[in-house]
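Okay, my_file.cif is below, mmCIF, all heavy atoms:
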```cif
data_work
loop_
_atom_site.label_atom_id
_atom_site.label_comp_id
_atom_site.auth_asym_id
_atom_site.auth_seq_id
_atom_site.Cartn_x
_atom_site.Cartn_y
_atom_site.Cartn_z
N MET A 89 111.93 106.77 103.81
CA MET A 89 111.83 106.46 102.40
C MET A 89 111.79 107.76 101.60
O MET A 89 111.26 108.76 102.06
CB MET A 89 110.56 105.66 102.13
CG MET A 89 110.61 104.24 102.64
SD MET A 89 109.09 103.31 102.42
CE MET A 89 108.85 103.36 100.70
N THR A 90 112.29 107.67 100.41
CA THR A 90 112.22 108.82 99.53
C THR A 90 110.81 108.93 98.95
O THR A 90 110.02 107.97 99.01
CB THR A 90 113.21 108.68 98.36
OG1 THR A 90 112.80 107.58 97.54
CG2 THR A 90 114.64 108.48 98.85
N ASP A 91 110.51 110.08 98.37
CA ASP A 91 109.20 110.24 97.72
C ASP A 91 109.03 109.24 96.59
O ASP A 91 107.96 108.67 96.41
CB ASP A 91 109.05 111.67 97.17
CG ASP A 91 108.84 112.70 98.25
OD1 ASP A 91 108.53 112.32 99.40
OD2 ASP A 91 108.98 113.89 97.95
N GLU A 92 110.09 108.99 95.85
CA GLU A 92 110.03 108.03 94.75
C GLU A 92 109.73 106.62 95.26
O GLU A 92 108.92 105.89 94.68
CB GLU A 92 111.33 108.05 93.96
CG GLU A 92 111.30 107.14 92.74
CD GLU A 92 112.57 107.21 91.92
OE1 GLU A 92 113.26 108.25 91.94
OE2 GLU A 92 112.88 106.20 91.26
N GLU A 93 110.38 106.23 96.35
CA GLU A 93 110.13 104.91 96.93
C GLU A 93 108.69 104.80 97.44
O GLU A 93 108.04 103.76 97.24
CB GLU A 93 111.11 104.63 98.07
CG GLU A 93 112.53 104.43 97.59
CD GLU A 93 113.55 104.46 98.71
OE1 GLU A 93 113.32 105.15 99.73
OE2 GLU A 93 114.58 103.79 98.58
N THR A 94 108.20 105.85 98.07
CA THR A 94 106.82 105.85 98.55
C THR A 94 105.86 105.71 97.37
O THR A 94 104.90 104.93 97.43
CB THR A 94 106.52 107.14 99.34
OG1 THR A 94 107.42 107.20 100.44
CG2 THR A 94 105.09 107.16 99.86
N ASP A 95 106.12 106.45 96.30
CA ASP A 95 105.28 106.36 95.11
C ASP A 95 105.33 104.97 94.50
O ASP A 95 104.31 104.44 94.04
CB ASP A 95 105.70 107.40 94.07
CG ASP A 95 105.35 108.81 94.48
OD1 ASP A 95 104.47 109.00 95.35
OD2 ASP A 95 105.97 109.76 93.92
N ASP A 96 106.51 104.35 94.49
CA ASP A 96 106.64 102.99 93.96
C ASP A 96 105.80 102.00 94.77
O ASP A 96 105.13 101.13 94.20
CB ASP A 96 108.10 102.53 93.97
CG ASP A 96 108.95 103.24 92.93
OD1 ASP A 96 108.39 103.87 92.01
OD2 ASP A 96 110.19 103.16 93.05
N HIS A 97 105.80 102.14 96.09
CA HIS A 97 104.99 101.26 96.93
C HIS A 97 103.50 101.51 96.69
O HIS A 97 102.71 100.56 96.61
CB HIS A 97 105.34 101.45 98.41
CG HIS A 97 106.61 100.79 98.80
ND1 HIS A 97 106.74 99.43 98.96
CD2 HIS A 97 107.83 101.31 99.05
CE1 HIS A 97 107.97 99.14 99.29
NE2 HIS A 97 108.66 100.27 99.35
N ALA A 98 103.12 102.77 96.56
CA ALA A 98 101.72 103.11 96.30
C ALA A 98 101.29 102.53 94.95
O ALA A 98 100.18 102.00 94.83
CB ALA A 98 101.52 104.61 96.34
N ASP A 99 102.15 102.62 93.95
CA ASP A 99 101.83 102.05 92.63
C ASP A 99 101.66 100.53 92.71
O ASP A 99 100.78 99.96 92.07
CB ASP A 99 102.93 102.38 91.63
CG ASP A 99 102.97 103.85 91.23
OD1 ASP A 99 101.97 104.57 91.48
OD2 ASP A 99 104.00 104.27 90.68
N ALA A 100 102.51 99.89 93.51
CA ALA A 100 102.41 98.44 93.67
C ALA A 100 101.08 98.05 94.33
O ALA A 100 100.44 97.07 93.93
CB ALA A 100 103.58 97.91 94.48
N ILE A 101 100.66 98.83 95.32
CA ILE A 101 99.37 98.56 95.97
C ILE A 101 98.24 98.75 94.97
O ILE A 101 97.32 97.93 94.89
CB ILE A 101 99.18 99.46 97.21
CG1 ILE A 101 100.17 99.06 98.30
CG2 ILE A 101 97.74 99.37 97.72
CD1 ILE A 101 100.23 100.03 99.46
N ALA A 102 98.30 99.82 94.18
CA ALA A 102 97.26 100.09 93.20
C ALA A 102 97.13 98.94 92.20
O ALA A 102 96.02 98.55 91.84
CB ALA A 102 97.54 101.40 92.47
N SER A 103 98.26 98.38 91.79
CA SER A 103 98.21 97.31 90.79
C SER A 103 97.62 96.02 91.35
O SER A 103 97.16 95.17 90.60
CB SER A 103 99.61 97.04 90.22
OG SER A 103 100.44 96.41 91.18
N LYS A 104 97.61 95.87 92.67
CA LYS A 104 97.07 94.67 93.31
C LYS A 104 95.74 94.92 94.00
O LYS A 104 95.17 94.03 94.62
CB LYS A 104 98.08 94.15 94.32
CG LYS A 104 99.37 93.69 93.69
CD LYS A 104 100.43 93.44 94.75
CE LYS A 104 101.76 93.06 94.16
NZ LYS A 104 102.35 94.07 93.31
N TRP A 105 95.23 96.14 93.94
CA TRP A 105 94.06 96.57 94.70
C TRP A 105 92.86 95.65 94.52
O TRP A 105 92.25 95.22 95.49
CB TRP A 105 93.69 98.01 94.35
CG TRP A 105 92.65 98.55 95.25
CD1 TRP A 105 91.31 98.63 94.98
CD2 TRP A 105 92.82 99.04 96.58
NE1 TRP A 105 90.64 99.17 96.05
CE2 TRP A 105 91.56 99.42 97.05
CE3 TRP A 105 93.92 99.20 97.40
CZ2 TRP A 105 91.37 99.96 98.31
CZ3 TRP A 105 93.72 99.73 98.66
CH2 TRP A 105 92.46 100.10 99.10
N THR A 106 92.49 95.35 93.28
CA THR A 106 91.30 94.53 93.02
C THR A 106 91.46 93.14 93.63
O THR A 106 90.54 92.63 94.26
CB THR A 106 91.02 94.44 91.52
OG1 THR A 106 90.77 95.77 91.04
CG2 THR A 106 89.80 93.58 91.22
N GLY A 107 92.63 92.55 93.47
CA GLY A 107 92.86 91.23 94.04
C GLY A 107 92.86 91.22 95.56
O GLY A 107 92.40 90.28 96.19
N ILE A 108 93.35 92.29 96.16
CA ILE A 108 93.42 92.38 97.62
C ILE A 108 92.06 92.67 98.23
O ILE A 108 91.67 92.08 99.22
CB ILE A 108 94.43 93.48 98.05
CG1 ILE A 108 95.85 93.08 97.67
CG2 ILE A 108 94.34 93.75 99.54
CD1 ILE A 108 96.87 94.20 97.82
N THR A 109 91.33 93.61 97.62
CA THR A 109 90.10 94.11 98.23
C THR A 109 88.83 93.61 97.56
O THR A 109 87.75 93.67 98.16
CB THR A 109 90.05 95.65 98.20
OG1 THR A 109 89.95 96.07 96.82
CG2 THR A 109 91.26 96.26 98.86
N GLY A 110 88.91 93.19 96.31
CA GLY A 110 87.71 92.83 95.56
C GLY A 110 87.01 94.03 94.97
O GLY A 110 85.99 93.89 94.28
N LEU A 111 87.50 95.22 95.25
CA LEU A 111 86.91 96.45 94.72
C LEU A 111 87.47 96.70 93.32
O LEU A 111 88.64 96.48 93.06
CB LEU A 111 87.21 97.63 95.63
CG LEU A 111 86.66 97.51 97.05
CD1 LEU A 111 87.16 98.66 97.91
CD2 LEU A 111 85.15 97.48 97.03
N PRO A 112 86.63 97.20 92.41
CA PRO A 112 87.06 97.34 91.02
C PRO A 112 88.03 98.49 90.75
O PRO A 112 88.76 98.46 89.76
CB PRO A 112 85.75 97.58 90.26
CG PRO A 112 84.83 98.17 91.27
CD PRO A 112 85.22 97.55 92.59
N VAL A 113 88.05 99.50 91.61
CA VAL A 113 88.88 100.67 91.36
C VAL A 113 89.72 100.99 92.60
O VAL A 113 89.20 101.03 93.72
CB VAL A 113 88.00 101.90 91.00
CG1 VAL A 113 88.86 103.12 90.77
CG2 VAL A 113 87.14 101.60 89.78
N ALA A 114 90.99 101.25 92.37
CA ALA A 114 91.88 101.64 93.47
C ALA A 114 91.65 103.11 93.83
O ALA A 114 91.23 103.90 92.98
CB ALA A 114 93.33 101.44 93.05
N PRO A 115 91.94 103.48 95.06
CA PRO A 115 91.85 104.90 95.44
C PRO A 115 92.83 105.74 94.61
O PRO A 115 93.76 105.21 93.99
CB PRO A 115 92.25 104.91 96.91
CG PRO A 115 92.06 103.52 97.38
CD PRO A 115 92.31 102.64 96.20
N ALA A 116 92.64 107.02 94.68
CA ALA A 116 93.55 107.95 93.99
C ALA A 116 94.98 107.75 94.48
O ALA A 116 95.20 107.38 95.64
CB ALA A 116 93.10 109.39 94.25
N PRO A 117 95.95 107.99 93.60
CA PRO A 117 97.36 107.80 94.00
C PRO A 117 97.74 108.56 95.28
O PRO A 117 98.50 108.04 96.09
CB PRO A 117 98.14 108.34 92.79
CG PRO A 117 97.21 108.16 91.64
CD PRO A 117 95.84 108.38 92.20
N GLU A 118 97.17 109.75 95.46
CA GLU A 118 97.50 110.52 96.66
C GLU A 118 97.05 109.79 97.92
O GLU A 118 97.72 109.83 98.95
CB GLU A 118 96.84 111.90 96.63
CG GLU A 118 97.13 112.73 95.40
CD GLU A 118 96.21 112.39 94.23
OE1 GLU A 118 95.01 112.15 94.41
OE2 GLU A 118 96.73 112.34 93.11
N MET A 119 95.89 109.14 97.83
CA MET A 119 95.37 108.41 99.00
C MET A 119 96.21 107.17 99.29
O MET A 119 96.43 106.82 100.45
CB MET A 119 93.90 108.03 98.79
CG MET A 119 92.99 109.24 98.67
SD MET A 119 93.15 110.42 100.03
CE MET A 119 92.71 109.43 101.42
N LEU A 120 96.67 106.50 98.25
CA LEU A 120 97.53 105.34 98.46
C LEU A 120 98.87 105.76 99.04
O LEU A 120 99.44 105.06 99.87
CB LEU A 120 97.72 104.57 97.15
CG LEU A 120 96.47 103.85 96.66
CD1 LEU A 120 96.71 103.26 95.29
CD2 LEU A 120 96.02 102.79 97.65
N ARG A 121 99.35 106.92 98.65
CA ARG A 121 100.59 107.45 99.22
C ARG A 121 100.41 107.71 100.72
O ARG A 121 101.27 107.36 101.52
CB ARG A 121 100.95 108.75 98.50
CG ARG A 121 102.29 109.30 98.81
CD ARG A 121 102.50 110.57 97.99
NE ARG A 121 103.81 110.91 97.59
CZ ARG A 121 104.88 110.94 98.34
NH1 ARG A 121 104.82 110.60 99.58
NH2 ARG A 121 106.05 111.30 97.88
N VAL A 122 99.27 108.27 101.09
CA VAL A 122 98.97 108.50 102.51
C VAL A 122 98.90 107.16 103.25
O VAL A 122 99.41 107.03 104.37
CB VAL A 122 97.64 109.29 102.67
CG1 VAL A 122 97.18 109.31 104.12
CG2 VAL A 122 97.81 110.70 102.14
N LEU A 123 98.30 106.16 102.63
CA LEU A 123 98.23 104.82 103.24
C LEU A 123 99.63 104.27 103.50
O LEU A 123 99.91 103.76 104.59
CB LEU A 123 97.44 103.87 102.33
CG LEU A 123 97.40 102.41 102.77
CD1 LEU A 123 96.65 102.26 104.09
CD2 LEU A 123 96.77 101.56 101.68
N VAL A 124 100.51 104.37 102.52
CA VAL A 124 101.89 103.88 102.68
C VAL A 124 102.59 104.64 103.81
O VAL A 124 103.20 104.03 104.70
CB VAL A 124 102.68 104.01 101.36
CG1 VAL A 124 104.17 103.74 101.58
CG2 VAL A 124 102.11 103.07 100.31
N GLU A 125 102.50 105.95 103.80
CA GLU A 125 103.16 106.76 104.83
C GLU A 125 102.62 106.44 106.21
O GLU A 125 103.39 106.31 107.18
CB GLU A 125 102.99 108.24 104.51
CG GLU A 125 103.76 108.68 103.28
CD GLU A 125 103.41 110.07 102.79
OE1 GLU A 125 102.36 110.63 103.20
OE2 GLU A 125 104.19 110.62 101.99
N HIS A 126 101.32 106.32 106.34
CA HIS A 126 100.69 106.02 107.63
C HIS A 126 101.12 104.63 108.13
O HIS A 126 101.48 104.48 109.31
CB HIS A 126 99.16 106.08 107.50
CG HIS A 126 98.45 105.69 108.74
ND1 HIS A 126 98.33 106.54 109.83
CD2 HIS A 126 97.82 104.54 109.09
CE1 HIS A 126 97.66 105.92 110.78
NE2 HIS A 126 97.34 104.71 110.35
N THR A 127 101.09 103.65 107.24
CA THR A 127 101.46 102.29 107.63
C THR A 127 102.91 102.23 108.10
O THR A 127 103.22 101.61 109.13
CB THR A 127 101.24 101.33 106.45
OG1 THR A 127 99.86 101.40 106.06
CG2 THR A 127 101.58 99.90 106.82
N LEU A 128 103.80 102.88 107.38
CA LEU A 128 105.20 102.88 107.78
C LEU A 128 105.42 103.62 109.09
O LEU A 128 106.20 103.18 109.94
CB LEU A 128 106.07 103.48 106.68
CG LEU A 128 106.15 102.64 105.41
CD1 LEU A 128 106.89 103.40 104.32
CD2 LEU A 128 106.82 101.30 105.69
N ARG A 129 104.73 104.74 109.28
CA ARG A 129 104.85 105.49 110.54
C ARG A 129 104.39 104.64 111.72
O ARG A 129 105.05 104.57 112.76
CB ARG A 129 104.05 106.79 110.45
CG ARG A 129 104.20 107.67 111.66
CD ARG A 129 103.57 109.06 111.49
NE ARG A 129 102.22 109.05 110.94
CZ ARG A 129 101.89 109.40 109.69
NH1 ARG A 129 102.82 109.79 108.83
NH2 ARG A 129 100.65 109.36 109.28
N LYS A 130 103.26 103.95 111.55
CA LYS A 130 102.75 103.11 112.63
C LYS A 130 103.69 101.94 112.91
O LYS A 130 103.88 101.54 114.07
CB LYS A 130 101.34 102.60 112.30
CG LYS A 130 100.29 103.68 112.38
CD LYS A 130 100.23 104.22 113.79
CE LYS A 130 99.13 105.20 113.98
NZ LYS A 130 99.10 105.73 115.34
N ALA A 131 104.28 101.38 111.87
CA ALA A 131 105.23 100.28 112.06
C ALA A 131 106.44 100.76 112.85
O ALA A 131 106.91 100.08 113.77
CB ALA A 131 105.66 99.72 110.72
N ARG A 132 106.95 101.95 112.51
CA ARG A 132 108.10 102.49 113.25
C ARG A 132 107.74 102.75 114.70
O ARG A 132 108.52 102.46 115.61
CB ARG A 132 108.59 103.78 112.59
CG ARG A 132 109.36 103.55 111.30
CD ARG A 132 110.03 104.82 110.81
NE ARG A 132 109.11 105.90 110.53
CZ ARG A 132 108.53 106.12 109.35
NH1 ARG A 132 108.78 105.32 108.33
NH2 ARG A 132 107.71 107.13 109.19
N GLU A 133 106.54 103.29 114.95
CA GLU A 133 106.10 103.54 116.33
C GLU A 133 105.99 102.24 117.12
O GLU A 133 106.38 102.18 118.29
CB GLU A 133 104.75 104.26 116.33
CG GLU A 133 104.81 105.70 115.86
CD GLU A 133 103.43 106.32 115.69
OE1 GLU A 133 102.41 105.68 116.01
OE2 GLU A 133 103.38 107.47 115.22
N THR A 134 105.46 101.21 116.49
CA THR A 134 105.31 99.92 117.15
C THR A 134 106.68 99.35 117.51
O THR A 134 106.88 98.87 118.64
CB THR A 134 104.55 98.93 116.25
OG1 THR A 134 103.24 99.47 116.00
CG2 THR A 134 104.43 97.57 116.89
N LEU A 135 107.61 99.40 116.58
CA LEU A 135 108.95 98.89 116.86
C LEU A 135 109.65 99.70 117.94
O LEU A 135 110.30 99.13 118.82
CB LEU A 135 109.79 98.89 115.58
CG LEU A 135 109.35 97.91 114.51
CD1 LEU A 135 110.15 98.13 113.23
CD2 LEU A 135 109.48 96.47 114.98
N ALA A 136 109.49 101.00 117.91
CA ALA A 136 110.13 101.85 118.90
C ALA A 136 109.57 101.64 120.31
O ALA A 136 110.27 101.84 121.29
CB ALA A 136 109.99 103.32 118.50
N ALA A 137 108.33 101.20 120.38
CA ALA A 137 107.68 101.00 121.68
C ALA A 137 108.01 99.64 122.30
O ALA A 137 107.69 99.41 123.47
CB ALA A 137 106.17 101.13 121.54
N ARG A 138 108.64 98.78 121.56
CA ARG A 138 108.98 97.46 122.11
C ARG A 138 110.01 97.61 123.23
O ARG A 138 110.98 98.37 123.10
CB ARG A 138 109.56 96.56 121.03
CG ARG A 138 108.54 96.11 120.04
CD ARG A 138 109.17 95.17 119.04
NE ARG A 138 108.17 94.67 118.11
CZ ARG A 138 108.46 93.93 117.05
NH1 ARG A 138 109.71 93.61 116.79
NH2 ARG A 138 107.50 93.53 116.28
N PRO A 139 109.81 96.85 124.32
CA PRO A 139 110.77 96.94 125.42
C PRO A 139 112.16 96.43 125.01
O PRO A 139 113.16 96.96 125.45
CB PRO A 139 110.16 96.08 126.51
CG PRO A 139 109.06 95.31 125.89
CD PRO A 139 108.70 95.99 124.60
N ASP A 140 112.19 95.40 124.17
CA ASP A 140 113.45 94.86 123.68
C ASP A 140 113.70 95.45 122.29
O ASP A 140 113.06 95.07 121.33
CB ASP A 140 113.39 93.34 123.60
CG ASP A 140 114.68 92.73 123.12
OD1 ASP A 140 115.67 93.46 122.94
OD2 ASP A 140 114.70 91.50 122.90
N LYS A 141 114.60 96.39 122.19
CA LYS A 141 114.83 97.11 120.95
C LYS A 141 115.70 96.35 119.95
O LYS A 141 116.09 96.86 118.92
CB LYS A 141 115.49 98.46 121.23
CG LYS A 141 114.70 99.34 122.17
CD LYS A 141 113.65 100.13 121.43
CE LYS A 141 113.12 101.25 122.25
NZ LYS A 141 111.83 101.14 122.76
N ASP A 142 116.04 95.09 120.25
CA ASP A 142 116.86 94.29 119.32
C ASP A 142 115.96 93.62 118.31
O ASP A 142 115.68 92.43 118.38
CB ASP A 142 117.67 93.22 120.09
CG ASP A 142 118.69 93.84 121.01
OD1 ASP A 142 119.17 94.95 120.70
OD2 ASP A 142 119.00 93.23 122.04
N PHE A 143 115.50 94.39 117.31
CA PHE A 143 114.61 93.79 116.33
C PHE A 143 115.45 92.97 115.43
O PHE A 143 115.39 92.63 114.44
CB PHE A 143 113.81 94.79 115.50
CG PHE A 143 113.70 96.17 116.04
CD1 PHE A 143 114.42 97.20 115.50
CD2 PHE A 143 112.87 96.45 117.10
CE1 PHE A 143 114.30 98.48 115.97
CE2 PHE A 143 112.73 97.73 117.57
CZ PHE A 143 113.45 98.75 117.00
#
```
Could I get this file's structure written as structure tokens?
Amino acid sequence: MTDEETDDHADAIASKWTGITGLPVAPAPEMLRVLVEHTLRKARETLAARPDKDF
């Protein structure tokens, strides 16, 4: 993903944060960006580790 796409996803999470978590304030944008990057990296690792690579 591009930096802009990652930022767009982080912004989308921030706008839904209270509804998702019940917490009144979303983390800083940099932290949400790290969350998006980490989640996508883990998803790619999980898919790559599958014995049947025909996702």
Work out how far apart atom N of Pro115 in chain A and CG of Asp95 in chain A are and give it in Å to one decimal.
-> 14.4 Å
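Omitting Ala102 in chain A and its sequence neighbours fewer than 2 positions away, and counting only C-alpha atoms, the residues within 10 Å are Asp96, His97, Ala98, Asp99, Ala100, Lys104, Trp105, Thr106, Gly107, Ile108, Val113, Ala114, Pro115, Ala116, Pro117 and Leu120 of chain A.
From atom O of Thr90 in chain A back to NH1 of Arg129 in chain A, the distance works out to 12.3 Å.
For the pair CG1 of Ile101 in chain A and CA of Ala137 in chain A, the separation is 24.6 Å.
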Members of chain A assigned helix (DSSP H, G or I) by DSSP, as a VMD selection string | chain A and resid 91 to 109 117 to 137
From the list A:Ser103, A:Gly110, A:Thr94, A:Lys141, the nearest residue to Leu128 in chain A using all atoms listed in the file is A:Thr94
